>>> print(open('structure-v2.cif').read())   # mmCIF, C-alpha atoms
data_query
loop_
_atom_site.group_PDB
_atom_site.id
_atom_site.type_symbol
_atom_site.label_atom_id
_atom_site.label_comp_id
_atom_site.auth_asym_id
_atom_site.auth_seq_id
_atom_site.Cartn_x
_atom_site.Cartn_y
_atom_site.Cartn_z
ATOM 1 C CA MET A 110 0.000 0.000 0.000
ATOM 2 C CA PRO A 111 1.576 3.358 -1.009
ATOM 3 C CA ASP A 112 2.498 5.889 1.644
ATOM 4 C CA SER A 113 -0.071 8.699 1.600
ATOM 5 C CA THR A 114 1.885 10.958 3.939
ATOM 6 C CA PRO A 115 2.656 14.315 2.256
ATOM 7 C CA ASP A 116 6.280 14.936 1.387
ATOM 8 C CA ILE A 117 7.970 18.343 1.362
ATOM 9 C CA LYS A 118 7.808 18.274 -2.447
ATOM 10 C CA ASP A 119 4.017 18.295 -2.127
ATOM 11 C CA CYS A 120 4.366 21.795 -0.643
ATOM 12 C CA GLU A 121 6.011 23.123 -3.795
ATOM 13 C CA ILE A 122 9.389 22.993 -1.980
ATOM 14 C CA SER A 123 8.068 25.669 0.365
ATOM 15 C CA ILE A 124 7.847 25.333 4.121
ATOM 16 C CA ASP A 125 5.429 28.253 4.180
ATOM 17 C CA ASP A 126 3.178 26.404 1.754
ATOM 18 C CA CYS A 127 3.126 23.398 4.078
ATOM 19 C CA LEU A 128 2.360 25.615 7.065
ATOM 20 C CA ARG A 129 -0.404 27.398 5.181
ATOM 21 C CA ARG A 130 -2.044 24.074 4.405
ATOM 22 C CA VAL A 131 -1.761 23.029 8.054
ATOM 23 C CA LEU A 132 -3.526 26.226 9.135
ATOM 24 C CA GLN A 133 -6.226 25.514 6.548
ATOM 25 C CA GLY A 134 -6.958 22.227 8.282
ATOM 26 C CA GLU A 135 -4.682 19.806 6.407
ATOM 27 C CA LYS A 136 -2.857 18.816 9.577
ATOM 28 C CA GLU A 137 -1.032 15.932 7.930
ATOM 29 C CA PHE A 138 1.256 18.452 6.206
ATOM 30 C CA PHE A 139 2.882 19.297 9.530
ATOM 31 C CA GLU A 140 4.516 15.882 9.406
ATOM 32 C CA ALA A 141 6.362 16.989 6.259
ATOM 33 C CA VAL A 142 7.629 20.009 8.211
ATOM 34 C CA VAL A 143 8.767 17.774 11.065
ATOM 35 C CA ARG A 144 10.666 15.503 8.682
ATOM 36 C CA GLN A 145 12.425 18.515 7.181
ATOM 37 C CA PHE A 146 13.697 19.849 10.511
ATOM 38 C CA GLU A 147 13.806 16.854 12.855
ATOM 39 C CA ARG A 148 17.403 15.811 12.234
ATOM 40 C CA PRO A 149 19.043 19.259 12.379
ATOM 41 C CA LEU A 150 16.993 20.175 15.446
ATOM 42 C CA ARG A 151 17.890 17.017 17.331
ATOM 43 C CA ALA A 152 21.531 17.356 16.309
ATOM 44 C CA TRP A 153 21.605 20.939 17.584
ATOM 45 C CA LEU A 154 19.961 19.919 20.858
ATOM 46 C CA ALA A 155 22.402 17.029 21.294
ATOM 47 C CA VAL A 156 25.325 19.446 21.280
ATOM 48 C CA GLN A 157 23.679 22.255 23.251
ATOM 49 C CA SER A 158 22.092 20.161 26.000
ATOM 50 C CA PRO A 159 23.907 19.696 29.324
ATOM 51 C CA PRO A 160 24.074 16.239 30.952
ATOM 52 C CA GLY A 161 20.732 14.808 32.007
ATOM 53 C CA VAL A 162 18.593 16.439 29.352
ATOM 54 C CA ASP A 163 16.546 14.084 27.159
ATOM 55 C CA VAL A 164 17.188 15.430 23.655
ATOM 56 C CA ASP A 165 14.401 13.392 22.079
ATOM 57 C CA GLU A 166 11.866 14.704 24.580
ATOM 58 C CA ILE A 167 12.901 18.324 24.056
ATOM 59 C CA ALA A 168 12.654 17.919 20.282
ATOM 60 C CA GLN A 169 9.163 16.459 20.612
ATOM 61 C CA GLN A 170 8.066 19.253 22.945
ATOM 62 C CA THR A 171 9.453 21.801 20.490
ATOM 63 C CA PHE A 172 7.399 20.490 17.572
ATOM 64 C CA ILE A 173 4.285 20.268 19.742
ATOM 65 C CA ALA A 174 4.780 23.859 20.882
ATOM 66 C CA ALA A 175 5.406 25.007 17.301
ATOM 67 C CA TYR A 176 2.227 23.279 16.128
ATOM 68 C CA THR A 177 0.066 24.790 18.860
ATOM 69 C CA ARG A 178 1.542 28.266 18.280
ATOM 70 C CA LEU A 179 1.636 28.090 14.494
ATOM 71 C CA GLU A 180 -0.673 31.072 14.078
ATOM 72 C CA GLU A 181 2.049 33.212 15.715
ATOM 73 C CA TYR A 182 4.507 32.443 12.908
ATOM 74 C CA GLU A 183 4.753 35.178 10.293
ATOM 75 C CA PRO A 184 4.844 33.641 6.783
ATOM 76 C CA GLY A 185 7.809 34.718 4.711
ATOM 77 C CA THR A 186 10.145 34.987 7.683
ATOM 78 C CA ASN A 187 12.741 32.437 8.779
ATOM 79 C CA PHE A 188 10.772 29.420 10.040
ATOM 80 C CA ALA A 189 13.949 27.604 11.076
ATOM 81 C CA ALA A 190 14.986 30.499 13.306
ATOM 82 C CA TRP A 191 11.465 30.617 14.784
ATOM 83 C CA LEU A 192 11.539 26.879 15.478
ATOM 84 C CA PHE A 193 15.008 26.991 17.036
ATOM 85 C CA THR A 194 13.895 29.858 19.275
ATOM 86 C CA ILE A 195 11.121 27.635 20.611
ATOM 87 C CA ALA A 196 13.649 24.829 21.099
ATOM 88 C CA ARG A 197 15.937 27.122 23.079
ATOM 89 C CA TYR A 198 13.134 28.034 25.463
ATOM 90 C CA GLN A 199 12.102 24.397 25.808
ATOM 91 C CA LEU A 200 15.696 23.534 26.660
ATOM 92 C CA LYS A 201 15.915 26.400 29.122
ATOM 93 C CA THR A 202 12.714 25.272 30.848
ATOM 94 C CA GLU A 203 13.950 21.701 31.182
ATOM 95 C CA THR A 204 17.360 22.788 32.429
ATOM 96 C CA THR A 205 15.746 25.018 35.042
ATOM 97 C CA ARG A 206 13.624 22.075 36.172
ATOM 98 C CA LEU A 207 16.701 19.877 36.544
ATOM 99 C CA ARG A 208 18.474 22.568 38.531
ATOM 100 C CA ARG A 209 15.606 22.705 40.985
ATOM 101 C CA ILE A 210 15.746 18.989 41.745
ATOM 102 C CA ALA A 211 19.522 18.661 41.664
ATOM 103 C CA ASP A 212 22.086 18.964 44.417
ATOM 104 C CA TYR A 213 25.856 19.272 44.367
ATOM 105 C CA HIS A 214 26.293 15.544 44.944
ATOM 106 C CA SER A 215 24.439 14.585 41.795
ATOM 107 C CA ARG A 216 25.788 14.606 38.249
ATOM 108 C CA TYR A 217 23.452 17.527 37.470
ATOM 109 C CA ALA A 218 25.420 20.128 39.397
ATOM 110 C CA PRO A 219 23.426 23.403 39.260
ATOM 111 C CA ASP A 220 26.400 25.577 38.400
ATOM 112 C CA LEU A 221 27.367 23.289 35.502
ATOM 113 C CA LEU A 222 23.853 23.302 34.099
ATOM 114 C CA GLN A 223 23.610 27.071 34.333
ATOM 115 C CA ARG A 224 26.968 27.617 32.648
ATOM 116 C CA GLU A 225 26.057 25.278 29.798
ATOM 117 C CA LEU A 226 22.716 27.021 29.296
ATOM 118 C CA ASP A 227 24.143 30.542 29.454
ATOM 119 C CA ARG A 228 26.883 29.878 26.927
ATOM 120 C CA HIS A 229 24.694 30.533 23.892
ATOM 121 C CA ASP A 230 21.724 32.244 25.518
ATOM 122 C CA ASP A 231 22.323 35.608 23.850
ATOM 123 C CA GLU A 232 23.124 34.301 20.380
ATOM 124 C CA PRO A 233 20.785 35.289 17.525
ATOM 125 C CA PRO A 234 18.872 32.470 15.784
ATOM 126 C CA GLU A 235 21.018 32.924 12.679
ATOM 127 C CA MET A 236 24.056 31.814 14.688
ATOM 128 C CA TRP A 237 22.253 28.671 15.791
ATOM 129 C CA LEU A 238 21.760 27.771 12.144
ATOM 130 C CA VAL A 239 25.477 28.311 11.575
ATOM 131 C CA ARG A 240 26.077 25.925 14.460
ATOM 132 C CA VAL A 241 23.871 23.309 12.838
ATOM 133 C CA GLU A 242 25.828 23.566 9.583
ATOM 134 C CA SER A 243 29.108 23.321 11.511
ATOM 135 C CA LEU A 244 27.763 20.338 13.395
ATOM 136 C CA GLN A 245 27.071 18.510 10.134
ATOM 137 C CA LYS A 246 30.713 18.994 9.126
ATOM 138 C CA CYS A 247 31.896 17.820 12.539
ATOM 139 C CA LEU A 248 29.724 14.712 12.321
ATOM 140 C CA GLU A 249 31.325 13.885 8.989
ATOM 141 C CA SER A 250 34.751 14.115 10.621
ATOM 142 C CA LEU A 251 33.930 11.492 13.268
ATOM 143 C CA GLY A 252 35.261 8.004 12.795
ATOM 144 C CA ASP A 253 32.847 5.342 11.615
ATOM 145 C CA SER A 254 32.535 3.721 15.046
ATOM 146 C CA LEU A 255 31.691 6.968 16.842
ATOM 147 C CA ARG A 256 29.345 8.088 14.084
ATOM 148 C CA GLN A 257 27.549 4.750 14.465
ATOM 149 C CA TYR A 258 26.667 5.660 18.060
ATOM 150 C CA VAL A 259 25.240 8.988 16.873
ATOM 151 C CA ASN A 260 23.204 7.280 14.162
ATOM 152 C CA TRP A 261 21.858 4.665 16.550
ATOM 153 C CA ARG A 262 20.802 7.152 19.207
ATOM 154 C CA TYR A 263 19.745 10.279 17.314
ATOM 155 C CA ARG A 264 18.643 8.984 13.908
ATOM 156 C CA GLU A 265 17.406 5.443 14.480
ATOM 157 C CA GLU A 266 16.271 6.260 18.044
ATOM 158 C CA ILE A 267 17.590 2.956 19.346
ATOM 159 C CA PRO A 268 17.230 2.542 23.152
ATOM 160 C CA LEU A 269 20.384 2.601 25.240
ATOM 161 C CA GLU A 270 19.859 -1.026 26.240
ATOM 162 C CA GLU A 271 19.839 -2.131 22.599
ATOM 163 C CA MET A 272 22.902 0.004 21.870
ATOM 164 C CA ALA A 273 24.691 -1.700 24.751
ATOM 165 C CA ARG A 274 23.772 -5.120 23.365
ATOM 166 C CA ARG A 275 24.941 -4.260 19.854
ATOM 167 C CA SER A 276 28.247 -2.834 21.043
ATOM 168 C CA ASN A 277 28.788 -5.507 23.716
ATOM 169 C CA ARG A 278 29.115 -2.812 26.397
ATOM 170 C CA SER A 279 27.211 -1.824 29.516
ATOM 171 C CA VAL A 280 24.482 0.826 29.433
ATOM 172 C CA THR A 281 26.663 2.985 31.664
ATOM 173 C CA ALA A 282 29.545 2.697 29.209
ATOM 174 C CA VAL A 283 27.261 3.614 26.310
ATOM 175 C CA LYS A 284 25.997 6.680 28.168
ATOM 176 C CA LYS A 285 29.576 7.736 28.851
ATOM 177 C CA GLN A 286 30.514 7.198 25.211
ATOM 178 C CA LEU A 287 27.590 9.342 24.033
ATOM 179 C CA TRP A 288 28.564 12.113 26.427
ATOM 180 C CA GLN A 289 32.172 12.020 25.196
ATOM 181 C CA ILE A 290 30.970 12.187 21.590
ATOM 182 C CA ARG A 291 28.773 15.167 22.382
ATOM 183 C CA GLN A 292 31.704 16.903 24.053
ATOM 184 C CA LYS A 293 33.905 16.169 21.065
ATOM 185 C CA LEU A 294 31.291 17.556 18.681
ATOM 186 C CA GLN A 295 30.786 20.635 20.803
ATOM 187 C CA GLN A 296 34.512 21.381 20.820
ATOM 188 C CA CYS A 297 34.637 20.850 17.052
ATOM 189 C CA VAL A 298 31.713 23.216 16.464
ATOM 190 C CA GLU A 299 33.223 25.900 18.687
ATOM 191 C CA LYS A 300 36.557 25.600 16.883
ATOM 192 C CA ARG A 301 34.953 25.938 13.447
ATOM 193 C CA ILE A 302 32.895 28.957 14.503
ATOM 194 C CA SER A 303 35.934 30.572 16.075
ATOM 195 C CA LYS A 304 37.776 30.259 12.761
ATOM 196 C CA MET A 305 34.791 31.712 10.905
ATOM 197 C CA GLN A 306 34.640 34.717 13.236
ATOM 198 C CA ARG A 307 38.388 35.353 13.142
ATOM 199 C CA PRO A 308 39.084 38.623 11.275
ATOM 200 C CA VAL A 309 40.922 38.290 8.003
ATOM 201 C CA SER A 310 44.372 39.901 8.242
#
>>> encode(input="structure-v2.cif", output="structure tokens")
Amino acid sequence: MPDSTPDIKDCEISIDDCLRRVLQGEKEFFEAVVRQFERPLRAWLAVQSPPGVDVDEIAQQTFIAAYTRLEEYEPGTNFAAWLFTIARYQLKTETTRLRRIADYHSRYAPDLLQRELDRHDDEPPEMWLVRVESLQKCLESLGDSLRQYVNWRYREEIPLEEMARRSNRSVTAVKKQLWQIRQKLQQCVEKRISKMQRPVS
């Protein structure tokens, strides 16, 4: 049976066209929007999120919030920037929640969470998109084995337990490996952006 789900090409290669059709009652077209932005959004969240934040949950909350607030979006403007702004506030809300329930003996130290959140708090949405593009380059630079972990977790959405089974490691070891990969990607992104912002002599 053929898949009847709209693709982005059904919106005349226009996100605004998809969104217009959603507002007109064709809600299935929002799925095409989600497919267009899901990977870059989750990749951005994976790098920006401090330890303890569920990236998949934040991404889902972001799309739900965007759908419920869709009438606030101004057609013709930068939808990606609008979506990433919502994601930033979703991340900030979750981080604040974690800080409230954390103590200094847990791995969610409040000062660490606050520092991680504040690092990019004042950046314009355009810079977040630059970060996403840099992240794609950094992902390409990872070795095959490390990139496999990223694909399993953030593209195929494989549970940690299944990742541990496939890699013949413990769940704790897999969690540590994912954190190290995220740190490595974050450092790579920061390095690339620093080079981009360096004045030409």
>>> closest_residue(input="structure-v2.cif", among="A:Val162, A:Leu207, A:Met272, A:Cys127", to="A:Leu179", atoms="all atoms listed in the file")
A:Cys127
>>> closest_residue(input="structure-v2.cif", among="A:Thr281, A:Leu132, A:Leu200, A:Arg274", to="A:Glu181", atoms="only C-alpha atoms")
A:Leu132
>>> atom_distance(input="structure-v2.cif", atom1="atom CA of A:Trp191", atom2="atom CA of A:Ala175")
8.6 Å
>>> residues_around(input="structure-v2.cif", residues="A:Asn260", least_positions_apart="4", cutoff="12 Å", atoms="only C-alpha atoms", output="list in words")
Arg148, Arg151, Ala152, Leu248, Glu249, Leu251, Asp253, Ser254, Leu255, Arg256, Arg264, Glu265, Glu266, Ile267, Pro268, Met272, Leu287 and Ile290 of chain A
>>> resolve_selection(input="structure-v2.cif", expression="the PyMOL selection byres ((chain A and resi 139) around 9)", output="JSON, numbers by chain")
{"A": [115, 127, 128, 130, 131, 135, 136, 137, 138, 140, 141, 142, 143, 144, 176]}
>>> closest_residue(input="structure-v2.cif", among="A:Tyr258, A:Tyr263, A:Trp288, A:Phe188", to="A:Pro149", atoms="only C-alpha atoms")
A:Tyr263
